[in-house]
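K.L.:
Sharing input.txt below, compact mmCIF, C-alpha atoms:
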```txt
# COMPACT_ATOMS: atom_id res chain seq x y z
CA MET A 23 -9.72 -21.60 -17.21
CA LEU A 24 -12.47 -19.13 -16.32
CA ILE A 25 -12.15 -17.53 -12.87
CA LEU A 26 -14.74 -15.32 -11.16
CA ALA A 27 -12.98 -13.10 -8.62
CA ILE A 28 -14.87 -11.35 -5.82
CA ASP A 29 -13.36 -8.73 -3.50
CA SER A 30 -15.07 -6.94 -0.62
CA ALA A 31 -12.24 -6.75 1.91
CA THR A 32 -12.16 -2.92 1.95
CA PRO A 33 -14.70 -0.19 1.15
CA VAL A 34 -14.14 -1.17 -2.50
CA ALA A 35 -16.42 -3.81 -4.03
CA GLY A 36 -14.94 -5.54 -7.04
CA VAL A 37 -15.83 -8.41 -9.34
CA ALA A 38 -13.78 -9.62 -12.31
CA LEU A 39 -14.04 -12.39 -14.86
CA VAL A 40 -10.77 -13.69 -16.30
CA ASN A 41 -10.27 -16.44 -18.87
CA ASP A 42 -6.65 -17.61 -18.72
CA ASP A 43 -4.68 -14.41 -19.49
CA ASN A 44 -7.69 -12.51 -20.85
CA LEU A 45 -9.56 -10.04 -18.62
CA ILE A 46 -13.13 -10.23 -19.88
CA ARG A 47 -14.91 -7.84 -17.53
CA GLU A 48 -14.32 -6.00 -14.28
CA GLU A 49 -16.64 -3.95 -12.06
CA PHE A 50 -15.17 -1.62 -9.43
CA ILE A 51 -17.27 0.40 -6.98
CA ASN A 52 -15.82 2.65 -4.30
CA TYR A 53 -18.96 4.37 -3.08
CA LYS A 54 -21.10 4.59 0.03
CA LEU A 55 -23.37 1.61 -0.72
CA THR A 56 -22.78 -1.41 1.51
CA HIS A 57 -21.35 -4.66 0.20
CA SER A 58 -24.43 -6.55 1.32
CA GLU A 59 -26.48 -4.35 -1.04
CA ILE A 60 -24.33 -4.47 -4.14
CA LEU A 61 -21.98 -7.45 -4.20
CA MET A 62 -24.29 -10.17 -5.55
CA PRO A 63 -26.01 -7.83 -8.03
CA ILE A 64 -22.55 -7.00 -9.41
CA VAL A 65 -21.74 -10.72 -9.73
CA ASN A 66 -24.96 -11.26 -11.67
CA GLU A 67 -24.30 -8.22 -13.86
CA VAL A 68 -20.78 -9.39 -14.73
CA LEU A 69 -21.89 -12.90 -15.66
CA GLN A 70 -25.03 -11.91 -17.55
CA GLY A 71 -23.23 -9.09 -19.33
CA CYS A 72 -20.79 -11.65 -20.71
CA GLU A 73 -23.62 -14.06 -21.61
CA LEU A 74 -22.32 -16.55 -19.07
CA SER A 75 -23.67 -18.32 -16.01
CA LEU A 76 -22.08 -19.80 -12.91
CA ALA A 77 -22.07 -23.17 -14.71
CA ASP A 78 -19.46 -21.77 -17.12
CA VAL A 79 -17.06 -20.79 -14.34
CA ASP A 80 -14.18 -23.11 -13.41
CA ALA A 81 -13.13 -21.57 -10.09
CA LEU A 82 -13.85 -18.72 -7.69
CA ALA A 83 -11.35 -16.34 -6.09
CA VAL A 84 -11.77 -14.24 -2.96
CA THR A 85 -9.69 -11.85 -0.85
CA MET A 86 -9.02 -13.56 2.50
CA GLY A 87 -7.97 -10.52 4.51
CA PRO A 88 -6.83 -8.47 6.21
CA GLY A 89 -9.43 -5.76 5.84
CA SER A 90 -12.85 -4.73 7.04
CA PHE A 91 -14.29 -7.38 9.38
CA THR A 92 -17.78 -6.94 7.92
CA GLY A 93 -16.59 -6.75 4.33
CA LEU A 94 -14.51 -9.91 4.65
CA ARG A 95 -17.42 -11.84 6.14
CA ILE A 96 -19.76 -10.72 3.36
CA GLY A 97 -17.33 -11.65 0.60
CA MET A 98 -16.47 -14.99 2.19
CA ALA A 99 -20.14 -15.87 2.69
CA ALA A 100 -20.94 -14.97 -0.92
CA VAL A 101 -18.11 -17.08 -2.32
CA LYS A 102 -18.91 -20.02 -0.05
CA GLY A 103 -22.52 -19.91 -1.16
CA LEU A 104 -21.61 -19.81 -4.84
CA SER A 105 -19.05 -22.57 -4.36
CA LEU A 106 -21.54 -24.89 -2.69
CA ALA A 107 -24.30 -24.08 -5.17
CA ALA A 108 -22.18 -24.80 -8.24
CA ASP A 109 -19.58 -27.19 -6.75
CA LEU A 110 -16.71 -24.82 -7.61
CA PRO A 111 -13.24 -24.75 -6.05
CA VAL A 112 -12.09 -21.57 -4.31
CA ILE A 113 -8.74 -19.78 -4.33
CA GLY A 114 -8.01 -17.40 -1.47
CA ILE A 115 -5.53 -14.53 -1.79
CA SER A 116 -4.23 -12.00 0.73
CA THR A 117 -5.75 -8.54 0.35
CA LEU A 118 -2.29 -6.99 0.73
CA GLU A 119 -0.88 -9.20 -2.03
CA VAL A 120 -3.75 -8.21 -4.32
CA ILE A 121 -2.95 -4.53 -3.80
CA ALA A 122 0.77 -5.13 -4.35
CA HIS A 123 -0.05 -6.78 -7.70
CA ASN A 124 -1.20 -3.41 -9.05
CA ILE A 125 2.47 -2.84 -9.87
CA ALA A 126 4.92 -5.11 -11.71
CA TYR A 127 8.57 -4.92 -12.77
CA SER A 128 9.28 -2.11 -10.31
CA ASP A 129 12.73 -1.36 -8.89
CA THR A 130 11.15 0.05 -5.72
CA LEU A 131 10.16 -1.72 -2.53
CA VAL A 132 6.36 -2.02 -2.65
CA CYS A 133 4.45 -1.76 0.63
CA SER A 134 0.71 -2.46 0.78
CA LEU A 135 -1.12 -0.89 3.70
CA LEU A 136 -4.74 -0.71 4.74
CA ASN A 137 -6.27 1.61 7.30
CA ALA A 138 -6.75 -0.56 10.40
CA ARG A 139 -7.96 2.39 12.52
CA ARG A 140 -6.84 2.87 16.13
CA GLN A 141 -3.68 4.54 14.73
CA GLU A 142 -2.58 1.33 12.99
CA VAL A 143 -2.27 -0.06 9.49
CA TYR A 144 -2.36 -3.60 8.14
CA ALA A 145 0.78 -3.91 6.08
CA ALA A 146 3.34 -6.07 4.29
CA CYS A 147 6.31 -5.34 2.02
CA TYR A 148 6.95 -6.92 -1.37
CA ASP A 149 9.61 -7.37 -4.03
CA ASN A 150 7.88 -6.48 -7.31
CA ARG A 151 10.87 -6.67 -9.60
CA GLY A 152 9.11 -9.52 -11.43
CA CYS A 153 5.59 -9.98 -12.75
CA TYR A 154 4.17 -11.16 -9.41
CA PRO A 155 4.81 -9.76 -5.92
CA GLN A 156 7.10 -11.71 -3.59
CA ARG A 157 6.42 -11.02 0.07
CA LEU A 158 9.44 -9.90 2.11
CA SER A 159 7.82 -9.33 5.50
CA GLU A 160 5.07 -10.81 7.62
CA GLU A 161 1.60 -9.35 7.37
CA MET A 162 1.07 -7.26 10.48
CA ALA A 163 -1.03 -4.66 12.25
CA CYS A 164 1.29 -1.88 13.38
CA PRO A 165 1.64 1.89 13.83
CA PRO A 166 2.38 3.60 10.49
CA GLU A 167 5.78 4.78 11.69
CA ALA A 168 6.77 1.16 12.40
CA LEU A 169 5.99 0.28 8.79
CA ALA A 170 8.04 3.25 7.59
CA TRP A 171 11.07 2.15 9.64
CA GLN A 172 10.78 -1.44 8.44
CA ALA A 173 10.48 -0.28 4.82
CA ILE A 174 13.60 1.88 5.12
CA GLY A 175 15.53 -1.08 6.51
CA LEU A 176 14.44 -3.41 3.72
CA ARG A 177 15.07 -0.79 1.06
CA ASP A 178 18.63 -0.19 2.30
CA GLU A 179 19.38 -3.89 2.84
CA LEU A 180 18.10 -5.08 -0.56
CA GLY A 181 19.04 -2.07 -2.69
CA PHE A 182 15.63 -0.92 -3.90
CA ASN A 183 15.39 2.44 -5.64
CA GLY A 184 12.76 4.01 -3.40
CA ILE A 185 9.64 2.88 -1.53
CA THR A 186 6.18 2.73 -3.14
CA LEU A 187 3.17 2.83 -0.82
CA LEU A 188 -0.17 1.41 -1.97
CA GLY A 189 -3.57 1.12 -0.31
CA ASP A 190 -6.08 3.17 1.64
CA GLY A 191 -3.75 3.22 4.66
CA TYR A 192 -1.56 5.81 2.97
CA ALA A 193 -3.86 8.85 2.89
CA PRO A 194 -4.65 9.10 6.64
CA TYR A 195 -0.92 9.16 7.44
CA ARG A 196 0.35 10.96 4.35
CA ASP A 197 2.24 13.64 6.28
CA LEU A 198 3.91 11.08 8.54
CA PHE A 199 5.11 9.00 5.60
CA LYS A 200 6.41 12.03 3.76
CA LEU A 201 8.37 13.03 6.86
CA GLU A 202 9.74 9.56 7.65
CA LEU A 203 10.50 8.40 4.08
CA GLY A 204 11.51 11.71 2.51
CA GLU A 205 12.94 11.36 -0.99
CA ARG A 206 12.60 7.57 -0.82
CA LEU A 207 8.79 7.84 -1.08
CA ARG A 208 7.02 7.05 -4.36
CA VAL A 209 3.27 7.61 -4.65
CA VAL A 210 1.28 6.15 -7.55
CA PRO A 211 -1.91 7.52 -9.22
CA SER A 212 -5.22 6.86 -7.50
CA HIS A 213 -6.29 4.06 -9.89
CA LEU A 214 -3.37 1.93 -8.66
CA MET A 215 -3.92 2.54 -4.94
CA LEU A 216 -6.90 0.29 -4.23
CA PRO A 217 -7.53 -3.48 -4.55
CA ARG A 218 -8.70 -4.62 -7.99
CA ALA A 219 -10.63 -7.81 -8.60
CA SER A 220 -8.65 -8.25 -11.82
CA ALA A 221 -5.41 -8.40 -9.79
CA LEU A 222 -7.08 -10.93 -7.49
CA ALA A 223 -8.02 -13.06 -10.51
CA SER A 224 -4.51 -12.84 -11.92
CA LEU A 225 -2.95 -14.14 -8.71
CA ALA A 226 -5.67 -16.78 -8.38
CA MET A 227 -4.93 -18.07 -11.87
CA VAL A 228 -1.36 -18.87 -10.81
CA LYS A 229 -2.54 -20.80 -7.74
CA ALA A 230 -5.23 -22.59 -9.75
CA THR A 231 -2.67 -23.94 -12.23
CA ARG A 232 -0.86 -25.43 -9.23
CA GLY A 233 -4.06 -26.87 -7.79
CA GLU A 234 -3.76 -24.72 -4.66
CA TYR A 235 -7.38 -24.47 -3.54
CA GLU A 236 -8.92 -23.67 -0.18
CA ASN A 237 -10.88 -26.08 1.98
CA THR A 238 -14.16 -24.27 1.39
CA VAL A 239 -15.92 -25.65 4.47
CA ASN A 240 -13.15 -24.59 6.86
CA MET A 241 -12.16 -21.38 5.04
CA ARG A 242 -12.03 -18.36 7.34
CA PRO A 243 -11.05 -14.70 6.89
CA ARG A 244 -7.56 -13.69 8.06
CA TYR A 245 -8.18 -10.73 10.34
CA ILE A 246 -4.60 -10.36 11.74
CA ARG A 247 -5.94 -8.71 14.90
CA LEU A 248 -9.06 -9.04 17.05
CA SER A 249 -12.25 -7.22 16.14
CA GLU A 250 -13.36 -4.35 18.37
CA ALA A 251 -15.99 -6.56 20.00
CA GLU A 252 -13.45 -9.33 20.67
CA ARG A 253 -10.96 -6.82 22.05
CA LYS A 254 -13.53 -5.36 24.46
CA LEU A 255 -14.64 -8.84 25.49
CA GLY A 256 -11.06 -9.75 26.32
CA LYS A 257 -10.80 -6.64 28.50
CA GLY A 258 -14.10 -7.37 30.22
CA GLU A 259 -15.72 -4.25 28.76
CA VAL A 260 -18.75 -6.12 27.36
```
Just give me the structure as structure tokens.
P.N.:
Amino acid sequence: MLILAIDSATPVAGVALVNDDNLIREEFINYKLTHSEILMPIVNEVLQGCELSLADVDALAVTMGPGSFTGLRIGMAAVKGLSLAADLPVIGISTLEVIAHNIAYSDTLVCSLLNARRQEVYAACYDNRGCYPQRLSEEMACPPEALAWQAIGLRDELGFNGITLLGDGYAPYRDLFKLELGERLRVVPSHLMLPRASALASLAMVKATRGEYENTVNMRPRYIRLSEAERKLGKGEV
């Protein structure tokens, strides 16, 4: 099965092409260009560079959220358009699960966190003692210290050997996490910190073998919390 995976849930733009267990090509851009400028050109580059077309693809994969409101909408719109144009099924995967899949067979508690701004992170904790992450907590938007306290509780309860933090939500609160987690904290190299389209494709392959596809027409991003505009509207500020 050939899966084309597209990720634009964070400032990273990523596209990967995976055939069963074989990663054929991956493009990863973490630069100042907007997703609306670069995402579809990257898709075309990946396919053409492998001498393939959309007609050769069996399924599409996309990060469903949480993440950047604009980035999620751009990625979702791109995948919906490709799906309708080529009559391809779509697999949706949590952004936090994709990040957690950067690590496997780890004896630490793995926590994925994204910078949600307003002094919060989007986060979830995972058991990565196997090949694929198993979620242990609900996805949430919370203060970083709340994530740290939850991670300590899960680590002590389940006997993990430390706590590994992944994602762009770590750097803004680095000092806080070092203080709260102390010697429990494990930090990975930068190439494992951010979402990878290849990890998205790997998780999507598992769901595809089970026939777990999205309803493309009704598919919506999972934001977890209201956008700034929706929040202000609810308060009567706009």
K.L.:
Between A:Glu142, A:Glu67, A:Glu160, A:Asp78, which is the closest to Pro194 of chain A once you count all atoms listed in the file?
P.N.:
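Closest candidate: A:Glu142.
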K.L.:
Which residues, written as JSON, numbers by chain, have at least one atom at most 10 Å from Gln156 of chain A, with all atoms listed in the file counted and residues fewer than 3 positions away on the same chain left out?
P.N.:
{"A": [119, 122, 123, 132, 147, 148, 149, 150, 151, 152, 153, 159]}
K.L.:
Quick one: residues within 12 Å of segment 169-180 of chain A, all atoms listed in the file, excluding same-chain residues fewer than 4 positions away - as a compact mmCIF listing (two decimals) with C-alpha atoms, keeping the file's coordinate frame?
P.N.:
```
# COMPACT_ATOMS: atom_id res chain seq x y z
CA ASP A 129 12.73 -1.36 -8.89
CA THR A 130 11.15 0.05 -5.72
CA LEU A 131 10.16 -1.72 -2.53
CA VAL A 132 6.36 -2.02 -2.65
CA CYS A 133 4.45 -1.76 0.63
CA SER A 134 0.71 -2.46 0.78
CA LEU A 135 -1.12 -0.89 3.70
CA LEU A 136 -4.74 -0.71 4.74
CA GLU A 142 -2.58 1.33 12.99
CA VAL A 143 -2.27 -0.06 9.49
CA TYR A 144 -2.36 -3.60 8.14
CA ALA A 145 0.78 -3.91 6.08
CA ALA A 146 3.34 -6.07 4.29
CA CYS A 147 6.31 -5.34 2.02
CA TYR A 148 6.95 -6.92 -1.37
CA ASP A 149 9.61 -7.37 -4.03
CA ARG A 151 10.87 -6.67 -9.60
CA ARG A 157 6.42 -11.02 0.07
CA LEU A 158 9.44 -9.90 2.11
CA SER A 159 7.82 -9.33 5.50
CA GLU A 160 5.07 -10.81 7.62
CA GLU A 161 1.60 -9.35 7.37
CA MET A 162 1.07 -7.26 10.48
CA ALA A 163 -1.03 -4.66 12.25
CA CYS A 164 1.29 -1.88 13.38
CA PRO A 165 1.64 1.89 13.83
CA GLY A 184 12.76 4.01 -3.40
CA ILE A 185 9.64 2.88 -1.53
CA THR A 186 6.18 2.73 -3.14
CA LEU A 187 3.17 2.83 -0.82
CA GLY A 191 -3.75 3.22 4.66
CA TYR A 192 -1.56 5.81 2.97
CA TYR A 195 -0.92 9.16 7.44
CA ARG A 196 0.35 10.96 4.35
CA ASP A 197 2.24 13.64 6.28
CA LEU A 198 3.91 11.08 8.54
CA PHE A 199 5.11 9.00 5.60
CA LYS A 200 6.41 12.03 3.76
CA LEU A 201 8.37 13.03 6.86
CA GLU A 202 9.74 9.56 7.65
CA LEU A 203 10.50 8.40 4.08
CA GLY A 204 11.51 11.71 2.51
CA GLU A 205 12.94 11.36 -0.99
CA ARG A 206 12.60 7.57 -0.82
CA LEU A 207 8.79 7.84 -1.08
```
K.L.:
Distance atom CA of Gly87 of chain A-atom CA of Val210 of chain A, one decimal place?
P.N.:
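Going from atom CA of Gly87 of chain A over to atom CA of Val210 of chain A covers 22.6 Å.
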K.L.:
So which one's closest to Leu82 of chain A, A:Leu94, A:Ala31, A:Ala193, A:Ala100? Using all atoms listed in the file, please.
P.N.:
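Selected residue with least distance to Leu82 of chain A: A:Ala100.
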K.L.:
Of the residues A:Thr238, A:Gln141, A:Asn52, A:Ser30, which is the one nearest to Thr85 of chain A, using all atoms listed in the file?
P.N.:
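Closest residue, counting all atoms listed in the file: A:Ser30.
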K.L.:
Could you tell me how far atom CA of Val37 of chain A sits from atom CA of Leu222 of chain A, in Å to one decimal place?
P.N.:
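Pair atom CA of Leu222 of chain A / atom CA of Val37 of chain A returns 9.3 Å.
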K.L.:
Between A:Met86, A:Ile113, A:Ile28, A:Met98, which has the minimum distance to Glu234 of chain A (counting all atoms listed in the file)?
P.N.:
A:Ile113
K.L.:
With a cut-off of 12 Å, could you pull out the residues of segment 54-114 of chain A touching segment 243-248 of chain A and give me the nearest pair of atoms for each, distance in Å to one decimal, using only C-alpha atoms, ordered by chain and ascending number, as CSV?
P.N.:
```
residue,atom,partner,partner_atom,distance
A:Val84,CA,A:Pro243,CA,9.9
A:Thr85,CA,A:Pro243,CA,8.4
A:Met86,CA,A:Pro243,CA,5.0
A:Gly87,CA,A:Arg244,CA,4.8
A:Pro88,CA,A:Tyr245,CA,4.9
A:Gly89,CA,A:Tyr245,CA,6.8
A:Ser90,CA,A:Tyr245,CA,8.3
A:Phe91,CA,A:Tyr245,CA,7.0
A:Thr92,CA,A:Pro243,CA,10.3
A:Gly93,CA,A:Pro243,CA,10.0
A:Leu94,CA,A:Pro243,CA,6.3
A:Arg95,CA,A:Pro243,CA,7.0
A:Ile96,CA,A:Pro243,CA,10.2
A:Gly97,CA,A:Pro243,CA,9.4
A:Met98,CA,A:Pro243,CA,7.2
A:Ala99,CA,A:Pro243,CA,10.1
A:Val101,CA,A:Pro243,CA,11.8
A:Lys102,CA,A:Pro243,CA,11.8
A:Gly114,CA,A:Pro243,CA,9.3
```
K.L.:
With only C-alpha atoms as the atoms that count, which of A:Ala27, A:Leu188, A:Leu225, A:Val239 lies nearest to Ile121 of chain A?
P.N.:
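Residue with the minimum atom-to-atom distance to Ile121 of chain A: A:Leu188.
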K.L.:
Would you mind telling me which residue in A:Gly181, A:Leu104, A:Arg140, A:Ala126 lies nearest to Pro155 of chain A when using all atoms listed in the file?
P.N.:
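Among the listed residues, the smallest separation from Pro155 of chain A belongs to A:Ala126.
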K.L.:
Can you tell me how far atom CA of Pro166 of chain A sits from atom CA of Asn124 of chain A, in Å to one decimal?
P.N.:
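Going from atom CA of Pro166 of chain A over to atom CA of Asn124 of chain A covers 21.1 Å.
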K.L.:
Asn66 of chain A: which residues within 10 Å, counting all atoms listed in the file, same-chain residues fewer than 6 positions away excluded, as JSON, numbers by chain?
P.N.:
{"A": [37, 72, 74, 75, 76]}
K.L.:
Just the residues within 7 Å of Val79 of chain A, please, counting only C-alpha atoms, with nothing from its chain fewer than 4 positions along; format it as a PyMOL selection string.
P.N.:
chain A and resi 24-26
K.L.:
Just the selected residues (C-alpha atoms), exported as a short mmCIF file (atom, residue, chain, number, x, y, z; two decimals), keeping the file's coordinate frame, please.
P.N.:
```
data_model
loop_
_atom_site.label_atom_id
_atom_site.label_comp_id
_atom_site.auth_asym_id
_atom_site.auth_seq_id
_atom_site.Cartn_x
_atom_site.Cartn_y
_atom_site.Cartn_z
CA LEU A 24 -12.47 -19.13 -16.32
CA ILE A 25 -12.15 -17.53 -12.87
CA LEU A 26 -14.74 -15.32 -11.16
#
```
K.L.:
How would you write as an NGL selection string the residues that get within 12 Å of (-15.7, 1.4, -6.0) in the file's frame, counting all atoms listed in the file?
P.N.:
:A and (29-37 or 48-57 or 60-61 or 64 or 212-213 or 215-219)
K.L.:
Any idea what's packed within 6 Å of Ala81 of chain A, counting all atoms listed in the file, ignoring anything in its chain fewer than 6 positions away? Could you give it as a list in words?
P.N.:
Ile25, Leu110, Pro111 and Val112 of chain A
K.L.:
Mind filling out segment 207-227 of chain A with N, CA, C and O atoms and sending it as a PDB file, in the frame of the given file?
P.N.:
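File written: part-v5.pdb
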```
ATOM      1  N   LEU A 207      10.214   8.110  -0.869  1.00  0.00           N
ATOM      2  CA  LEU A 207       8.790   7.840  -1.080  1.00  0.00           C
ATOM      3  C   LEU A 207       8.392   7.985  -2.547  1.00  0.00           C
ATOM      4  O   LEU A 207       8.707   8.975  -3.196  1.00  0.00           O
ATOM      5  N   ARG A 208       7.638   6.983  -3.040  1.00  0.00           N
ATOM      6  CA  ARG A 208       7.020   7.050  -4.360  1.00  0.00           C
ATOM      7  C   ARG A 208       5.520   6.847  -4.172  1.00  0.00           C
ATOM      8  O   ARG A 208       5.093   5.895  -3.500  1.00  0.00           O
ATOM      9  N   VAL A 209       4.725   7.709  -4.759  1.00  0.00           N
ATOM     10  CA  VAL A 209       3.270   7.610  -4.650  1.00  0.00           C
ATOM     11  C   VAL A 209       2.694   7.451  -6.050  1.00  0.00           C
ATOM     12  O   VAL A 209       3.013   8.218  -6.966  1.00  0.00           O
ATOM     13  N   VAL A 210       1.837   6.460  -6.237  1.00  0.00           N
ATOM     14  CA  VAL A 210       1.280   6.150  -7.550  1.00  0.00           C
ATOM     15  C   VAL A 210      -0.059   6.870  -7.751  1.00  0.00           C
ATOM     16  O   VAL A 210      -0.665   7.363  -6.788  1.00  0.00           O
ATOM     17  N   PRO A 211      -0.585   6.932  -8.972  1.00  0.00           N
ATOM     18  CA  PRO A 211      -1.910   7.520  -9.220  1.00  0.00           C
ATOM     19  C   PRO A 211      -3.007   6.748  -8.500  1.00  0.00           C
ATOM     20  O   PRO A 211      -2.841   5.579  -8.148  1.00  0.00           O
ATOM     21  N   SER A 212      -4.133   7.408  -8.327  1.00  0.00           N
ATOM     22  CA  SER A 212      -5.220   6.860  -7.500  1.00  0.00           C
ATOM     23  C   SER A 212      -5.753   5.525  -8.034  1.00  0.00           C
ATOM     24  O   SER A 212      -6.197   4.682  -7.251  1.00  0.00           O
ATOM     25  N   HIS A 213      -5.720   5.302  -9.356  1.00  0.00           N
ATOM     26  CA  HIS A 213      -6.290   4.060  -9.890  1.00  0.00           C
ATOM     27  C   HIS A 213      -5.435   2.840  -9.567  1.00  0.00           C
ATOM     28  O   HIS A 213      -5.878   1.708  -9.764  1.00  0.00           O
ATOM     29  N   LEU A 214      -4.222   3.045  -9.046  1.00  0.00           N
ATOM     30  CA  LEU A 214      -3.370   1.930  -8.660  1.00  0.00           C
ATOM     31  C   LEU A 214      -3.336   1.723  -7.143  1.00  0.00           C
ATOM     32  O   LEU A 214      -2.704   0.790  -6.658  1.00  0.00           O
ATOM     33  N   MET A 215      -4.028   2.569  -6.398  1.00  0.00           N
ATOM     34  CA  MET A 215      -3.920   2.540  -4.940  1.00  0.00           C
ATOM     35  C   MET A 215      -4.798   1.486  -4.279  1.00  0.00           C
ATOM     36  O   MET A 215      -4.494   1.026  -3.177  1.00  0.00           O
ATOM     37  N   LEU A 216      -5.890   1.111  -4.899  1.00  0.00           N
ATOM     38  CA  LEU A 216      -6.900   0.290  -4.230  1.00  0.00           C
ATOM     39  C   LEU A 216      -6.947  -1.124  -4.815  1.00  0.00           C
ATOM     40  O   LEU A 216      -6.505  -1.360  -5.941  1.00  0.00           O
ATOM     41  N   PRO A 217      -7.474  -2.092  -4.050  1.00  0.00           N
ATOM     42  CA  PRO A 217      -7.530  -3.480  -4.550  1.00  0.00           C
ATOM     43  C   PRO A 217      -8.404  -3.600  -5.789  1.00  0.00           C
ATOM     44  O   PRO A 217      -9.469  -2.986  -5.865  1.00  0.00           O
ATOM     45  N   ARG A 218      -7.947  -4.381  -6.757  1.00  0.00           N
ATOM     46  CA  ARG A 218      -8.700  -4.620  -7.990  1.00  0.00           C
ATOM     47  C   ARG A 218      -8.993  -6.107  -8.100  1.00  0.00           C
ATOM     48  O   ARG A 218      -8.123  -6.957  -7.905  1.00  0.00           O
ATOM     49  N   ALA A 219     -10.239  -6.410  -8.436  1.00  0.00           N
ATOM     50  CA  ALA A 219     -10.630  -7.810  -8.600  1.00  0.00           C
ATOM     51  C   ALA A 219      -9.857  -8.467  -9.740  1.00  0.00           C
ATOM     52  O   ALA A 219      -9.620  -9.680  -9.709  1.00  0.00           O
ATOM     53  N   SER A 220      -9.438  -7.683 -10.717  1.00  0.00           N
ATOM     54  CA  SER A 220      -8.650  -8.250 -11.820  1.00  0.00           C
ATOM     55  C   SER A 220      -7.282  -8.710 -11.324  1.00  0.00           C
ATOM     56  O   SER A 220      -6.756  -9.736 -11.784  1.00  0.00           O
ATOM     57  N   ALA A 221      -6.685  -7.981 -10.382  1.00  0.00           N
ATOM     58  CA  ALA A 221      -5.410  -8.400  -9.790  1.00  0.00           C
ATOM     59  C   ALA A 221      -5.619  -9.667  -8.954  1.00  0.00           C
ATOM     60  O   ALA A 221      -4.786 -10.576  -8.968  1.00  0.00           O
ATOM     61  N   LEU A 222      -6.731  -9.730  -8.242  1.00  0.00           N
ATOM     62  CA  LEU A 222      -7.080 -10.930  -7.490  1.00  0.00           C
ATOM     63  C   LEU A 222      -7.182 -12.133  -8.421  1.00  0.00           C
ATOM     64  O   LEU A 222      -6.646 -13.214  -8.140  1.00  0.00           O
ATOM     65  N   ALA A 223      -7.858 -11.962  -9.550  1.00  0.00           N
ATOM     66  CA  ALA A 223      -8.020 -13.060 -10.510  1.00  0.00           C
ATOM     67  C   ALA A 223      -6.688 -13.491 -11.102  1.00  0.00           C
ATOM     68  O   ALA A 223      -6.443 -14.685 -11.311  1.00  0.00           O
ATOM     69  N   SER A 224      -5.817 -12.528 -11.355  1.00  0.00           N
ATOM     70  CA  SER A 224      -4.510 -12.840 -11.920  1.00  0.00           C
ATOM     71  C   SER A 224      -3.687 -13.713 -10.971  1.00  0.00           C
ATOM     72  O   SER A 224      -3.086 -14.713 -11.372  1.00  0.00           O
ATOM     73  N   LEU A 225      -3.668 -13.342  -9.700  1.00  0.00           N
ATOM     74  CA  LEU A 225      -2.950 -14.140  -8.710  1.00  0.00           C
ATOM     75  C   LEU A 225      -3.607 -15.502  -8.511  1.00  0.00           C
ATOM     76  O   LEU A 225      -2.919 -16.509  -8.326  1.00  0.00           O
ATOM     77  N   ALA A 226      -4.933 -15.522  -8.547  1.00  0.00           N
ATOM     78  CA  ALA A 226      -5.670 -16.780  -8.380  1.00  0.00           C
ATOM     79  C   ALA A 226      -5.387 -17.739  -9.521  1.00  0.00           C
ATOM     80  O   ALA A 226      -5.334 -18.964  -9.314  1.00  0.00           O
ATOM     81  N   MET A 227      -5.206 -17.213 -10.715  1.00  0.00           N
ATOM     82  CA  MET A 227      -4.930 -18.070 -11.870  1.00  0.00           C
ATOM     83  C   MET A 227      -3.634 -18.846 -11.661  1.00  0.00           C
ATOM     84  O   MET A 227      -3.539 -20.034 -12.010  1.00  0.00           O
TER      85      MET A 227
END
```
